[in-house]
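K.L.:
Compact mmCIF, C-alpha atoms and all ligand atoms, file entry11.txt:
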# COMPACT_ATOMS: atom_id res chain seq x y z
CA MET A 90 10.99 -22.03 -14.19
CA THR A 91 11.12 -18.29 -14.72
CA ALA A 92 8.08 -16.39 -13.55
CA ARG A 93 5.96 -14.14 -15.72
CA ILE A 94 6.18 -10.62 -14.28
CA ILE A 95 2.72 -9.28 -13.46
CA ASP A 96 2.81 -5.67 -14.60
CA GLY A 97 0.66 -3.68 -12.19
CA ARG A 98 1.43 -0.40 -13.94
CA ALA A 99 0.13 -1.70 -17.28
CA CYS A 100 -2.98 -3.19 -15.67
CA ALA A 101 -3.65 0.04 -13.78
CA ALA A 102 -3.15 2.12 -16.93
CA GLN A 103 -5.60 -0.05 -18.85
CA LEU A 104 -8.25 0.35 -16.15
CA ARG A 105 -7.61 4.09 -15.77
CA ALA A 106 -8.02 4.61 -19.52
CA GLU A 107 -11.72 3.75 -19.11
CA TYR A 108 -12.39 6.29 -16.35
CA PRO A 109 -12.55 9.55 -18.36
CA THR A 110 -15.36 8.05 -20.47
CA ARG A 111 -17.36 7.11 -17.35
CA ILE A 112 -16.76 10.57 -15.89
CA ARG A 113 -17.81 12.28 -19.13
CA SER A 114 -20.96 10.25 -19.26
CA LEU A 115 -21.86 11.24 -15.67
CA HIS A 116 -21.31 14.85 -16.58
CA GLU A 117 -23.39 14.66 -19.74
CA GLN A 118 -26.25 12.75 -18.09
CA ALA A 119 -26.45 14.52 -14.74
CA GLY A 120 -23.97 17.41 -14.67
CA VAL A 121 -22.00 15.48 -12.02
CA THR A 122 -18.23 15.39 -11.60
CA PRO A 123 -16.99 12.74 -9.14
CA GLY A 124 -15.41 14.38 -6.09
CA LEU A 125 -13.01 12.89 -3.54
CA ALA A 126 -12.26 14.56 -0.19
CA VAL A 127 -8.97 13.60 1.42
CA LEU A 128 -8.29 14.54 5.03
CA LEU A 129 -4.67 14.58 6.16
CA VAL A 130 -4.11 15.09 9.88
CA GLY A 131 -0.64 16.15 11.03
CA ASP A 132 2.63 16.34 9.13
CA ASP A 133 3.78 12.75 8.57
CA PRO A 134 5.91 13.00 5.39
CA ALA A 135 4.97 9.52 4.11
CA SER A 136 1.26 10.30 4.50
CA ALA A 137 1.75 13.59 2.64
CA VAL A 138 3.35 11.70 -0.27
CA TYR A 139 0.48 9.16 -0.36
CA VAL A 140 -2.06 12.00 -0.38
CA SER A 141 -0.31 13.90 -3.17
CA ASN A 142 -0.16 10.68 -5.25
CA LYS A 143 -3.90 10.21 -4.82
CA VAL A 144 -4.62 13.83 -5.75
CA ARG A 145 -2.44 13.56 -8.86
CA ALA A 146 -4.18 10.35 -9.91
CA CYS A 147 -7.58 12.04 -9.48
CA ASP A 148 -6.50 15.02 -11.59
CA ALA A 149 -5.26 12.74 -14.35
CA VAL A 150 -8.63 11.07 -14.92
CA GLY A 151 -10.92 14.05 -14.18
CA ILE A 152 -12.00 13.39 -10.57
CA ARG A 153 -12.24 16.63 -8.57
CA SER A 154 -10.23 16.31 -5.37
CA PHE A 155 -10.49 18.35 -2.19
CA THR A 156 -7.56 18.08 0.21
CA PHE A 157 -7.91 19.16 3.82
CA CYS A 158 -4.60 19.45 5.70
CA LEU A 159 -5.55 19.54 9.36
CA PRO A 160 -3.20 20.27 12.28
CA THR A 161 -2.14 17.47 14.68
CA THR A 162 -3.78 19.55 17.39
CA ILE A 163 -7.25 19.13 15.87
CA THR A 164 -9.65 17.72 18.46
CA HIS A 165 -11.47 14.48 17.98
CA ALA A 166 -14.82 16.30 17.90
CA GLU A 167 -13.58 18.83 15.31
CA LEU A 168 -12.38 16.04 13.03
CA LEU A 169 -15.69 14.19 13.30
CA GLY A 170 -17.46 17.50 12.54
CA ARG A 171 -15.42 17.95 9.35
CA ILE A 172 -16.32 14.45 8.22
CA VAL A 173 -20.02 15.03 8.84
CA GLU A 174 -19.84 18.22 6.74
CA LEU A 175 -18.29 16.25 3.88
CA ASN A 176 -20.88 13.49 4.26
CA ASN A 177 -23.51 16.17 3.60
CA ASP A 178 -21.69 17.88 0.73
CA ASP A 179 -23.21 16.92 -2.64
CA ARG A 180 -19.98 17.70 -4.49
CA ILE A 181 -18.21 14.92 -2.59
CA HIS A 182 -18.71 11.25 -3.49
CA GLY A 183 -15.79 9.80 -1.54
CA VAL A 184 -14.36 10.69 1.88
CA LEU A 185 -10.95 9.35 2.77
CA VAL A 186 -9.07 9.92 6.01
CA GLN A 187 -5.37 9.22 5.52
CA LEU A 188 -4.06 6.79 8.14
CA PRO A 189 -2.34 6.66 10.56
CA LEU A 190 -3.97 9.25 12.79
CA PRO A 191 -2.41 10.94 15.84
CA PRO A 192 -2.82 8.90 19.04
CA HIS A 193 -5.42 11.20 20.63
CA ILE A 194 -7.84 10.48 17.77
CA ASP A 195 -10.01 7.36 17.97
CA MET A 196 -9.49 5.89 14.50
CA ARG A 197 -12.41 3.49 14.79
CA GLU A 198 -14.85 6.27 15.56
CA VAL A 199 -13.45 8.36 12.71
CA LEU A 200 -13.92 5.53 10.22
CA ALA A 201 -17.42 4.83 11.56
CA THR A 202 -18.36 8.50 11.01
CA ILE A 203 -17.68 8.38 7.27
CA ALA A 204 -20.97 7.74 5.45
CA VAL A 205 -21.04 4.16 4.18
CA ASP A 206 -22.04 5.45 0.74
CA LYS A 207 -18.91 7.65 0.63
CA ASP A 208 -16.52 5.16 2.27
CA VAL A 209 -14.35 4.68 -0.83
CA ASP A 210 -11.49 3.28 1.28
CA GLY A 211 -13.83 0.48 2.43
CA PHE A 212 -12.83 0.73 6.10
CA HIS A 213 -16.25 1.47 7.65
CA LEU A 214 -17.50 -1.41 9.83
CA TYR A 215 -20.47 -1.90 7.47
CA ASN A 216 -18.18 -2.39 4.50
CA VAL A 217 -15.82 -4.60 6.52
CA GLY A 218 -18.75 -6.68 7.80
CA GLY A 219 -20.04 -6.98 4.26
CA LEU A 220 -16.86 -8.85 3.36
CA VAL A 221 -18.10 -11.60 5.70
CA THR A 222 -21.83 -11.53 5.00
CA GLY A 223 -21.94 -10.05 1.48
CA GLY A 224 -23.32 -6.62 0.67
CA THR A 225 -20.13 -4.56 0.86
CA VAL A 226 -20.63 -1.21 -0.86
CA PHE A 227 -16.91 -0.51 -1.39
CA SER A 228 -14.06 -3.00 -1.06
CA PRO A 229 -10.76 -1.86 0.49
CA CYS A 230 -8.48 -0.66 -2.27
CA THR A 231 -5.34 -2.79 -1.84
CA PRO A 232 -6.99 -6.23 -1.66
CA TYR A 233 -9.47 -5.15 -4.34
CA GLY A 234 -6.47 -4.23 -6.51
CA VAL A 235 -4.94 -7.67 -5.95
CA VAL A 236 -8.19 -9.37 -7.01
CA LYS A 237 -8.37 -7.19 -10.14
CA LEU A 238 -4.75 -8.01 -10.92
CA LEU A 239 -5.40 -11.76 -10.62
CA GLU A 240 -8.52 -11.42 -12.79
CA SER A 241 -6.72 -9.40 -15.45
CA GLU A 242 -3.99 -12.07 -15.59
CA ALA A 243 -6.70 -14.77 -15.91
CA ILE A 244 -5.32 -16.50 -12.80
CA PRO A 245 -8.05 -18.76 -11.40
CA ILE A 246 -8.95 -18.25 -7.73
CA GLU A 247 -11.70 -20.81 -7.17
CA GLY A 248 -10.45 -23.99 -5.53
CA GLN A 249 -6.90 -22.68 -5.19
CA ASN A 250 -4.90 -22.95 -1.97
CA VAL A 251 -4.20 -19.35 -0.98
CA VAL A 252 -1.90 -18.30 1.83
CA VAL A 253 -2.03 -14.69 2.98
CA VAL A 254 0.97 -13.60 5.05
CA GLY A 255 -0.10 -10.60 7.14
CA ALA A 256 -3.33 -10.17 9.03
CA SER A 257 -3.85 -6.41 9.25
CA ASN A 258 -7.32 -4.89 9.06
CA ILE A 259 -6.51 -2.96 5.90
CA VAL A 260 -4.72 -5.63 3.84
CA GLY A 261 -4.35 -9.18 5.17
CA LYS A 262 -7.77 -9.86 6.69
CA PRO A 263 -9.90 -8.29 3.93
CA MET A 264 -7.65 -9.97 1.34
CA ALA A 265 -8.34 -13.37 2.89
CA LEU A 266 -12.09 -12.72 3.02
CA MET A 267 -12.26 -11.49 -0.57
CA LEU A 268 -10.43 -14.57 -1.84
CA MET A 269 -12.59 -16.85 0.32
CA ALA A 270 -15.66 -15.21 -1.21
CA ARG A 271 -14.24 -16.32 -4.57
CA ASN A 272 -14.06 -19.91 -3.30
CA ALA A 273 -10.36 -20.17 -2.57
CA THR A 274 -9.17 -22.21 0.42
CA VAL A 275 -7.42 -19.59 2.52
CA ALA A 276 -4.91 -19.67 5.37
CA ILE A 277 -3.80 -16.48 7.12
CA CYS A 278 -0.36 -16.22 8.71
CA HIS A 279 0.97 -13.48 10.97
CA ALA A 280 3.96 -12.61 13.14
CA LYS A 281 3.14 -15.31 15.69
CA THR A 282 2.73 -18.08 13.12
CA ARG A 283 5.11 -20.93 13.96
CA ASP A 284 7.15 -22.12 10.99
CA LEU A 285 5.79 -19.80 8.30
CA ALA A 286 7.33 -21.92 5.54
CA GLN A 287 5.18 -24.95 6.31
CA PHE A 288 2.17 -22.83 5.27
CA THR A 289 3.63 -20.82 2.40
CA ILE A 290 4.96 -23.93 0.64
CA LEU A 291 1.37 -25.16 0.20
CA ALA A 292 0.17 -22.02 -1.57
CA ASP A 293 -0.97 -22.01 -5.20
CA ILE A 294 -1.37 -18.27 -4.69
CA LEU A 295 0.81 -16.60 -2.06
CA VAL A 296 -0.09 -13.04 -1.04
CA VAL A 297 2.46 -11.37 1.20
CA ALA A 298 1.68 -8.20 3.16
CA ALA A 299 3.90 -8.19 6.24
CA GLY A 300 6.23 -5.21 5.77
CA VAL A 301 9.38 -7.35 6.22
CA PRO A 302 12.00 -7.33 3.43
CA ASN A 303 13.15 -10.78 2.26
CA LEU A 304 10.58 -12.53 4.44
CA ILE A 305 9.74 -14.97 1.63
CA LEU A 306 12.67 -16.97 0.27
CA PRO A 307 12.61 -19.40 -2.68
CA GLN A 308 12.58 -22.51 -0.47
CA MET A 309 9.30 -21.28 1.08
CA VAL A 310 7.48 -21.19 -2.27
CA LYS A 311 5.93 -24.07 -4.23
CA THR A 312 7.21 -24.45 -7.79
CA GLY A 313 4.72 -22.79 -10.12
CA ALA A 314 3.01 -20.70 -7.44
CA VAL A 315 1.62 -17.22 -8.16
CA VAL A 316 3.28 -14.74 -5.79
CA ILE A 317 1.72 -11.36 -5.02
CA ASP A 318 4.00 -9.06 -3.05
CA VAL A 319 2.06 -6.27 -1.34
CA GLY A 320 4.93 -5.16 0.90
CA ILE A 321 6.60 -1.78 0.50
CA ASN A 322 9.86 -1.38 2.41
CA ARG A 323 12.49 1.33 2.11
CA LEU A 324 15.99 -0.07 2.65
CA PRO A 325 18.75 1.98 4.32
CA ASP A 326 20.29 2.59 0.85
CA GLY A 327 17.01 4.17 -0.28
CA ARG A 328 15.81 1.29 -2.47
CA ILE A 329 12.14 0.28 -2.29
CA VAL A 330 11.58 -3.47 -2.05
CA GLY A 331 8.71 -5.79 -1.20
CA ASP A 332 8.56 -8.67 1.28
CA VAL A 333 9.65 -11.31 -1.23
CA ASP A 334 13.17 -12.17 -2.41
CA PHE A 335 12.16 -11.23 -5.94
CA GLU A 336 15.23 -12.55 -7.81
CA GLY A 337 15.18 -15.92 -6.05
CA VAL A 338 11.44 -16.51 -6.00
CA ALA A 339 11.01 -15.44 -9.64
CA LYS A 340 13.03 -18.55 -10.59
CA LYS A 341 10.46 -20.80 -8.92
CA ALA A 342 7.09 -19.05 -9.27
CA SER A 343 4.92 -19.10 -12.40
CA ALA A 344 3.98 -15.42 -11.97
CA ILE A 345 5.10 -12.69 -9.59
CA THR A 346 4.46 -9.01 -8.93
CA PRO A 347 7.46 -6.68 -8.75
CA VAL A 348 7.92 -3.93 -6.15
CA PRO A 349 7.59 -1.21 -7.21
CA GLY A 350 5.25 -1.60 -10.18
CA GLY A 351 3.02 -4.42 -8.94
CA VAL A 352 0.25 -3.97 -6.39
CA GLY A 353 1.02 -0.30 -5.60
CA PRO A 354 -0.41 1.25 -8.80
CA MET A 355 -3.52 -0.93 -8.45
CA THR A 356 -4.31 0.42 -4.96
CA VAL A 357 -4.68 4.01 -6.15
CA THR A 358 -6.55 2.83 -9.24
CA MET A 359 -9.15 1.08 -7.07
CA LEU A 360 -9.60 4.30 -5.10
CA LEU A 361 -10.41 6.09 -8.36
CA ASP A 362 -12.73 3.24 -9.36
CA ASN A 363 -14.59 3.35 -6.03
CA THR A 364 -14.95 7.16 -6.24
CA ILE A 365 -16.38 7.07 -9.76
CA ARG A 366 -18.70 4.21 -8.82
CA SER A 367 -19.85 6.19 -5.80
CA ALA A 368 -20.76 9.12 -8.06
CA GLU A 369 -22.56 6.71 -10.41
CA ARG A 370 -24.51 5.20 -7.49
CA MET A 371 -25.51 8.61 -6.13
CA THR A 372 -26.58 9.79 -9.55
CA ALA A 373 -28.70 6.65 -9.96
CA ALA A 374 -30.16 7.27 -6.48
CA ALA A 375 -31.13 10.80 -7.48
CA VAL A 376 -33.37 9.37 -10.21
CA GLY A 377 -34.75 6.69 -7.88
CA LEU A 378 -32.84 3.69 -9.25
CA TRP A 379 -31.62 2.66 -5.78
CA ARG A 380 -31.87 3.72 -2.16
CA PRO A 381 -28.75 4.91 -0.30
CA SER A 382 -27.75 2.98 2.84
CA SER A 383 -29.50 4.31 5.94
CA LEU A 384 -26.31 4.02 8.02
P1 LIG B 401 0.74 -3.95 9.35
O1 LIG B 401 -0.51 -3.30 9.84
O2 LIG B 401 2.04 -3.63 10.01
O3 LIG B 401 0.51 -5.52 9.40
C1 LIG B 401 1.55 -6.41 9.11
C2 LIG B 401 1.04 -7.82 9.26
O4 LIG B 401 2.12 -8.70 8.94
C3 LIG B 401 0.60 -8.16 10.68
O5 LIG B 401 -0.54 -8.99 10.65
C4 LIG B 401 1.79 -8.92 11.25
O6 LIG B 401 1.46 -9.91 12.19
C5 LIG B 401 2.34 -9.60 10.02
N1 LIG B 401 3.76 -9.87 10.13
C6 LIG B 401 4.75 -9.04 10.53
N2 LIG B 401 5.93 -9.67 10.55
C7 LIG B 401 5.68 -10.94 10.17
C8 LIG B 401 6.48 -12.09 10.01
N3 LIG B 401 7.80 -12.07 10.27
N4 LIG B 401 5.91 -13.23 9.60
C9 LIG B 401 4.59 -13.27 9.34
N5 LIG B 401 3.77 -12.22 9.45
C10 LIG B 401 4.31 -11.06 9.88
O7 LIG B 401 0.98 -3.64 7.81
P2 LIG B 401 -0.07 -3.42 6.60
O8 LIG B 401 -0.64 -2.07 6.69
O9 LIG B 401 -0.95 -4.60 6.47
O10 LIG B 401 0.97 -3.42 5.38
C11 LIG B 401 1.77 -4.55 5.11
C12 LIG B 401 2.79 -4.18 4.05
O11 LIG B 401 2.08 -3.83 2.87
C13 LIG B 401 3.65 -2.97 4.39
O12 LIG B 401 4.92 -3.13 3.81
C14 LIG B 401 2.92 -1.82 3.72
O13 LIG B 401 3.80 -0.76 3.39
C15 LIG B 401 2.44 -2.51 2.48
N6 LIG B 401 1.26 -1.91 1.87
C16 LIG B 401 1.28 -1.78 0.53
C17 LIG B 401 0.20 -1.26 -0.12
C18 LIG B 401 0.25 -1.16 -1.60
O14 LIG B 401 -0.53 -0.43 -2.17
N7 LIG B 401 1.13 -1.90 -2.26
C19 LIG B 401 -0.94 -0.85 0.57
C20 LIG B 401 -0.96 -1.04 1.97
C21 LIG B 401 0.15 -1.57 2.60
P3 LIG B 401 0.76 -9.60 13.61
O15 LIG B 401 -0.67 -9.33 13.26
O16 LIG B 401 0.92 -10.87 14.36
O17 LIG B 401 1.48 -8.43 14.17
Would you mind writing the file out in structure tokens?
Ligand code: NAP
P.N.:
Amino acid sequence: MTARIIDGRACAAQLRAEYPTRIRSLHEQAGVTPGLAVLLVGDDPASAVYVSNKVRACDAVGIRSFTFCLPTTITHAELLGRIVELNNDDRIHGVLVQLPLPPHIDMREVLATIAVDKDVDGFHLYNVGGLVTGGTVFSPCTPYGVVKLLESEAIPIEGQNVVVVGASNIVGKPMALMLMARNATVAICHAKTRDLAQFTILADILVVAAGVPNLILPQMVKTGAVVIDVGINRLPDGRIVGDVDFEGVAKKASAITPVPGGVGPMTVTMLLDNTIRSAERMTAAAVGLWRPSSL
């Protein structure tokens, strides 16, 4: 078997092509341009690259972005104050704090300070809790991108055995919950899982988000499985690879995402989608079509 390559760039481009029309319509109906505020604390080079990618993606579709580069020395209270200002700024529909944060900042309190209705990263406790109980306003971008990718490839989720490798709060856990909500049977594996292969071999859909190159080898994958590689790892020679032995596993899987060019482009696309939807929700609220969350 040779796997079909799931082209995340093409899927992302197709979705992004619809955004300028939605943005134009908001502007024509209500004079609103979606706005995203991105806060970058400190000088981590990888974070700076992620932020500039997000800003570029916003520019390309017509979302107005506001970047705030804040010093590592910023106090916890000052950072919370900046977020509250942005929560109250009508030009801003999404507030995103680039992670990780310096150790003296309480990340959980920072995420809890972002207004639920502007939490386009989907990391506020309300949005996380909504993944369990229903009622999430915004889904976290990476798992949301994976779901969109599966949908666009017409890969059924309901009733499938899904194994998620990686249990982080931003990828693995929300991924598992989102697939469970779509009636998959889900197992979550992590670094302490004994004999990872005994789980992965059962997966109809295998989602890997561990940050370990070559973690998933062909003998760990069921013939015909769909393999979604979320991992992004930079090798000593500079190459970017995922967590899956792509060459080997592609001979066994029915479909597989490459790295780069798979899940990555979908993550930023879902951020754009959430920001535009936030502007649409707020515009609808302004004419009384819905009530914003009281949180
Ligand atoms: P993370 O916070 O470091 O979490 C990694 C998870 O993988 C943890 O749950 C960890 O288990 C588990 N793990 C580590 N080694 C393992 C092993 N040998 N076997 C099984 N599980 C193992 O990372 P993250 O933020 O979730 O990101 C995961 C990967 O996805 C990284 O490569 C990251 O760069 C990439 N990523 C990509 C995108 C994208 O847009 N494509 C977005 C976000 C992240 P424990 O919980 O037991 O420690």
K.L.:
For ligand LIG 401 (chain B), which residue among A:Pro191, A:Gly255, A:Gly350, A:Gly327 is the nearest when counting all atoms listed in the file?
P.N.:
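Comparing A:Pro191, A:Gly255, A:Gly350, A:Gly327 against ligand LIG 401 (chain B), the winner is A:Gly255.
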K.L.:
Given a cut-off of 7 Å, what residues near ligand LIG 401 (chain B) show up using only C-alpha atoms and all ligand atoms, put as a PyMOL selection string?
P.N.:
chain A and resi 231+254-261+278-282+285+298-301+304+319-322+331+352-356
K.L.:
So which residues are close to (-17.9, -6.0, 0.9), meaning at most 12 Å away in the file's coordinates with all atoms listed in the file counted, and can you show them as JSON, numbers by chain?
P.N.:
{"A": [205, 208, 209, 210, 211, 212, 213, 214, 215, 216, 217, 218, 219, 220, 221, 222, 223, 224, 225, 226, 227, 228, 229, 230, 232, 233, 263, 264, 266, 267, 268, 270]}
K.L.:
Store the residues picked out above in a file with C-alpha atoms, as a PDB file, in the coordinates of the input.
P.N.:
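File produced: result_2.pdb:
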ATOM      1  CA  VAL A 205     -21.040   4.160   4.180  1.00  0.00           C
ATOM      2  CA  ASP A 208     -16.520   5.160   2.270  1.00  0.00           C
ATOM      3  CA  VAL A 209     -14.350   4.680  -0.830  1.00  0.00           C
ATOM      4  CA  ASP A 210     -11.490   3.280   1.280  1.00  0.00           C
ATOM      5  CA  GLY A 211     -13.830   0.480   2.430  1.00  0.00           C
ATOM      6  CA  PHE A 212     -12.830   0.730   6.100  1.00  0.00           C
ATOM      7  CA  HIS A 213     -16.250   1.470   7.650  1.00  0.00           C
ATOM      8  CA  LEU A 214     -17.500  -1.410   9.830  1.00  0.00           C
ATOM      9  CA  TYR A 215     -20.470  -1.900   7.470  1.00  0.00           C
ATOM     10  CA  ASN A 216     -18.180  -2.390   4.500  1.00  0.00           C
ATOM     11  CA  VAL A 217     -15.820  -4.600   6.520  1.00  0.00           C
ATOM     12  CA  GLY A 218     -18.750  -6.680   7.800  1.00  0.00           C
ATOM     13  CA  GLY A 219     -20.040  -6.980   4.260  1.00  0.00           C
ATOM     14  CA  LEU A 220     -16.860  -8.850   3.360  1.00  0.00           C
ATOM     15  CA  VAL A 221     -18.100 -11.600   5.700  1.00  0.00           C
ATOM     16  CA  THR A 222     -21.830 -11.530   5.000  1.00  0.00           C
ATOM     17  CA  GLY A 223     -21.940 -10.050   1.480  1.00  0.00           C
ATOM     18  CA  GLY A 224     -23.320  -6.620   0.670  1.00  0.00           C
ATOM     19  CA  THR A 225     -20.130  -4.560   0.860  1.00  0.00           C
ATOM     20  CA  VAL A 226     -20.630  -1.210  -0.860  1.00  0.00           C
ATOM     21  CA  PHE A 227     -16.910  -0.510  -1.390  1.00  0.00           C
ATOM     22  CA  SER A 228     -14.060  -3.000  -1.060  1.00  0.00           C
ATOM     23  CA  PRO A 229     -10.760  -1.860   0.490  1.00  0.00           C
ATOM     24  CA  CYS A 230      -8.480  -0.660  -2.270  1.00  0.00           C
ATOM     25  CA  PRO A 232      -6.990  -6.230  -1.660  1.00  0.00           C
ATOM     26  CA  TYR A 233      -9.470  -5.150  -4.340  1.00  0.00           C
ATOM     27  CA  PRO A 263      -9.900  -8.290   3.930  1.00  0.00           C
ATOM     28  CA  MET A 264      -7.650  -9.970   1.340  1.00  0.00           C
ATOM     29  CA  LEU A 266     -12.090 -12.720   3.020  1.00  0.00           C
ATOM     30  CA  MET A 267     -12.260 -11.490  -0.570  1.00  0.00           C
ATOM     31  CA  LEU A 268     -10.430 -14.570  -1.840  1.00  0.00           C
ATOM     32  CA  ALA A 270     -15.660 -15.210  -1.210  1.00  0.00           C
TER      33      ALA A 270
END
K.L.:
With only C-alpha atoms as the atoms that count, which of A:Val173, A:Val275, A:Val297, A:Ile194 lies nearest to A:Val333?
P.N.:
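Closest to A:Val333 of all the choices is A:Val297.
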K.L.:
With only C-alpha atoms as the atoms that count, which of A:Asp326, A:Glu242, A:Glu107, A:Asp332 lies nearest to A:Leu295?
P.N.:
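Smallest separation from A:Leu295 among the options: A:Asp332.
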K.L.:
List as an NGL selection string the protein and nucleic acid residues near stretch 133-149 of chain A, meaning an atom at most 10 Å away when all atoms listed in the file are counted, but skip any in the same chain fewer than 5 places from it.
P.N.:
:A and (105 or 108-109 or 123-128 or 154-156 or 158 or 161 or 185-191 or 354 or 356-358 or 360-361 or 364)
K.L.:
Give me stretch 182-189 of chain A from this structure - all heavy atoms, as a PDB file, in the first residue's frame.
P.N.:
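Output below, filename decode04.pdb:
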ATOM      1  N   HIS A 182     -10.789  41.578  18.031  1.00  0.00           N
ATOM      2  CA  HIS A 182     -11.745  40.463  18.151  1.00  0.00           C
ATOM      3  C   HIS A 182     -11.081  39.187  18.651  1.00  0.00           C
ATOM      4  O   HIS A 182     -11.776  38.238  19.016  1.00  0.00           O
ATOM      5  CB  HIS A 182     -12.424  40.227  16.796  1.00  0.00           C
ATOM      6  CG  HIS A 182     -13.062  41.472  16.275  1.00  0.00           C
ATOM      7  ND1 HIS A 182     -12.418  42.320  15.394  1.00  0.00           N
ATOM      8  CD2 HIS A 182     -14.248  42.044  16.550  1.00  0.00           C
ATOM      9  CE1 HIS A 182     -13.201  43.347  15.138  1.00  0.00           C
ATOM     10  NE2 HIS A 182     -14.313  43.217  15.822  1.00  0.00           N
ATOM     11  N   GLY A 183      -9.750  39.156  18.613  1.00  0.00           N
ATOM     12  CA  GLY A 183      -9.027  37.994  19.121  1.00  0.00           C
ATOM     13  C   GLY A 183      -7.799  38.444  19.892  1.00  0.00           C
ATOM     14  O   GLY A 183      -7.098  39.361  19.450  1.00  0.00           O
ATOM     15  N   VAL A 184      -7.574  37.832  21.058  1.00  0.00           N
ATOM     16  CA  VAL A 184      -6.367  38.130  21.847  1.00  0.00           C
ATOM     17  C   VAL A 184      -5.592  36.833  22.003  1.00  0.00           C
ATOM     18  O   VAL A 184      -6.138  35.829  22.464  1.00  0.00           O
ATOM     19  CB  VAL A 184      -6.729  38.684  23.249  1.00  0.00           C
ATOM     20  CG1 VAL A 184      -5.470  38.929  24.070  1.00  0.00           C
ATOM     21  CG2 VAL A 184      -7.559  39.962  23.128  1.00  0.00           C
ATOM     22  N   LEU A 185      -4.348  36.878  21.604  1.00  0.00           N
ATOM     23  CA  LEU A 185      -3.512  35.672  21.654  1.00  0.00           C
ATOM     24  C   LEU A 185      -2.220  36.006  22.388  1.00  0.00           C
ATOM     25  O   LEU A 185      -1.544  36.974  22.047  1.00  0.00           O
ATOM     26  CB  LEU A 185      -3.221  35.265  20.210  1.00  0.00           C
ATOM     27  CG  LEU A 185      -2.372  34.042  19.909  1.00  0.00           C
ATOM     28  CD1 LEU A 185      -2.691  33.583  18.483  1.00  0.00           C
ATOM     29  CD2 LEU A 185      -0.895  34.294  20.022  1.00  0.00           C
ATOM     30  N   VAL A 186      -1.905  35.216  23.391  1.00  0.00           N
ATOM     31  CA  VAL A 186      -0.620  35.371  24.081  1.00  0.00           C
ATOM     32  C   VAL A 186       0.269  34.223  23.621  1.00  0.00           C
ATOM     33  O   VAL A 186      -0.071  33.048  23.820  1.00  0.00           O
ATOM     34  CB  VAL A 186      -0.799  35.336  25.613  1.00  0.00           C
ATOM     35  CG1 VAL A 186       0.553  35.447  26.306  1.00  0.00           C
ATOM     36  CG2 VAL A 186      -1.727  36.458  26.058  1.00  0.00           C
ATOM     37  N   GLN A 187       1.372  34.558  22.977  1.00  0.00           N
ATOM     38  CA  GLN A 187       2.264  33.516  22.465  1.00  0.00           C
ATOM     39  C   GLN A 187       2.919  32.776  23.632  1.00  0.00           C
ATOM     40  O   GLN A 187       3.480  33.396  24.530  1.00  0.00           O
ATOM     41  CB  GLN A 187       3.333  34.158  21.550  1.00  0.00           C
ATOM     42  CG  GLN A 187       4.243  33.163  20.877  1.00  0.00           C
ATOM     43  CD  GLN A 187       3.510  32.266  19.868  1.00  0.00           C
ATOM     44  OE1 GLN A 187       2.658  32.726  19.118  1.00  0.00           O
ATOM     45  NE2 GLN A 187       3.823  30.985  19.880  1.00  0.00           N
ATOM     46  N   LEU A 188       2.826  31.460  23.594  1.00  0.00           N
ATOM     47  CA  LEU A 188       3.452  30.622  24.626  1.00  0.00           C
ATOM     48  C   LEU A 188       4.768  30.072  24.080  1.00  0.00           C
ATOM     49  O   LEU A 188       4.916  29.947  22.873  1.00  0.00           O
ATOM     50  CB  LEU A 188       2.504  29.483  25.005  1.00  0.00           C
ATOM     51  CG  LEU A 188       1.118  29.914  25.521  1.00  0.00           C
ATOM     52  CD1 LEU A 188       0.262  28.691  25.809  1.00  0.00           C
ATOM     53  CD2 LEU A 188       1.237  30.799  26.752  1.00  0.00           C
ATOM     54  N   PRO A 189       5.741  29.722  24.908  1.00  0.00           N
ATOM     55  CA  PRO A 189       5.702  29.759  26.370  1.00  0.00           C
ATOM     56  C   PRO A 189       5.948  31.155  26.929  1.00  0.00           C
ATOM     57  O   PRO A 189       6.463  32.029  26.217  1.00  0.00           O
ATOM     58  CB  PRO A 189       6.851  28.817  26.742  1.00  0.00           C
ATOM     59  CG  PRO A 189       7.834  28.934  25.615  1.00  0.00           C
ATOM     60  CD  PRO A 189       7.009  29.159  24.387  1.00  0.00           C
TER      61      PRO A 189
END
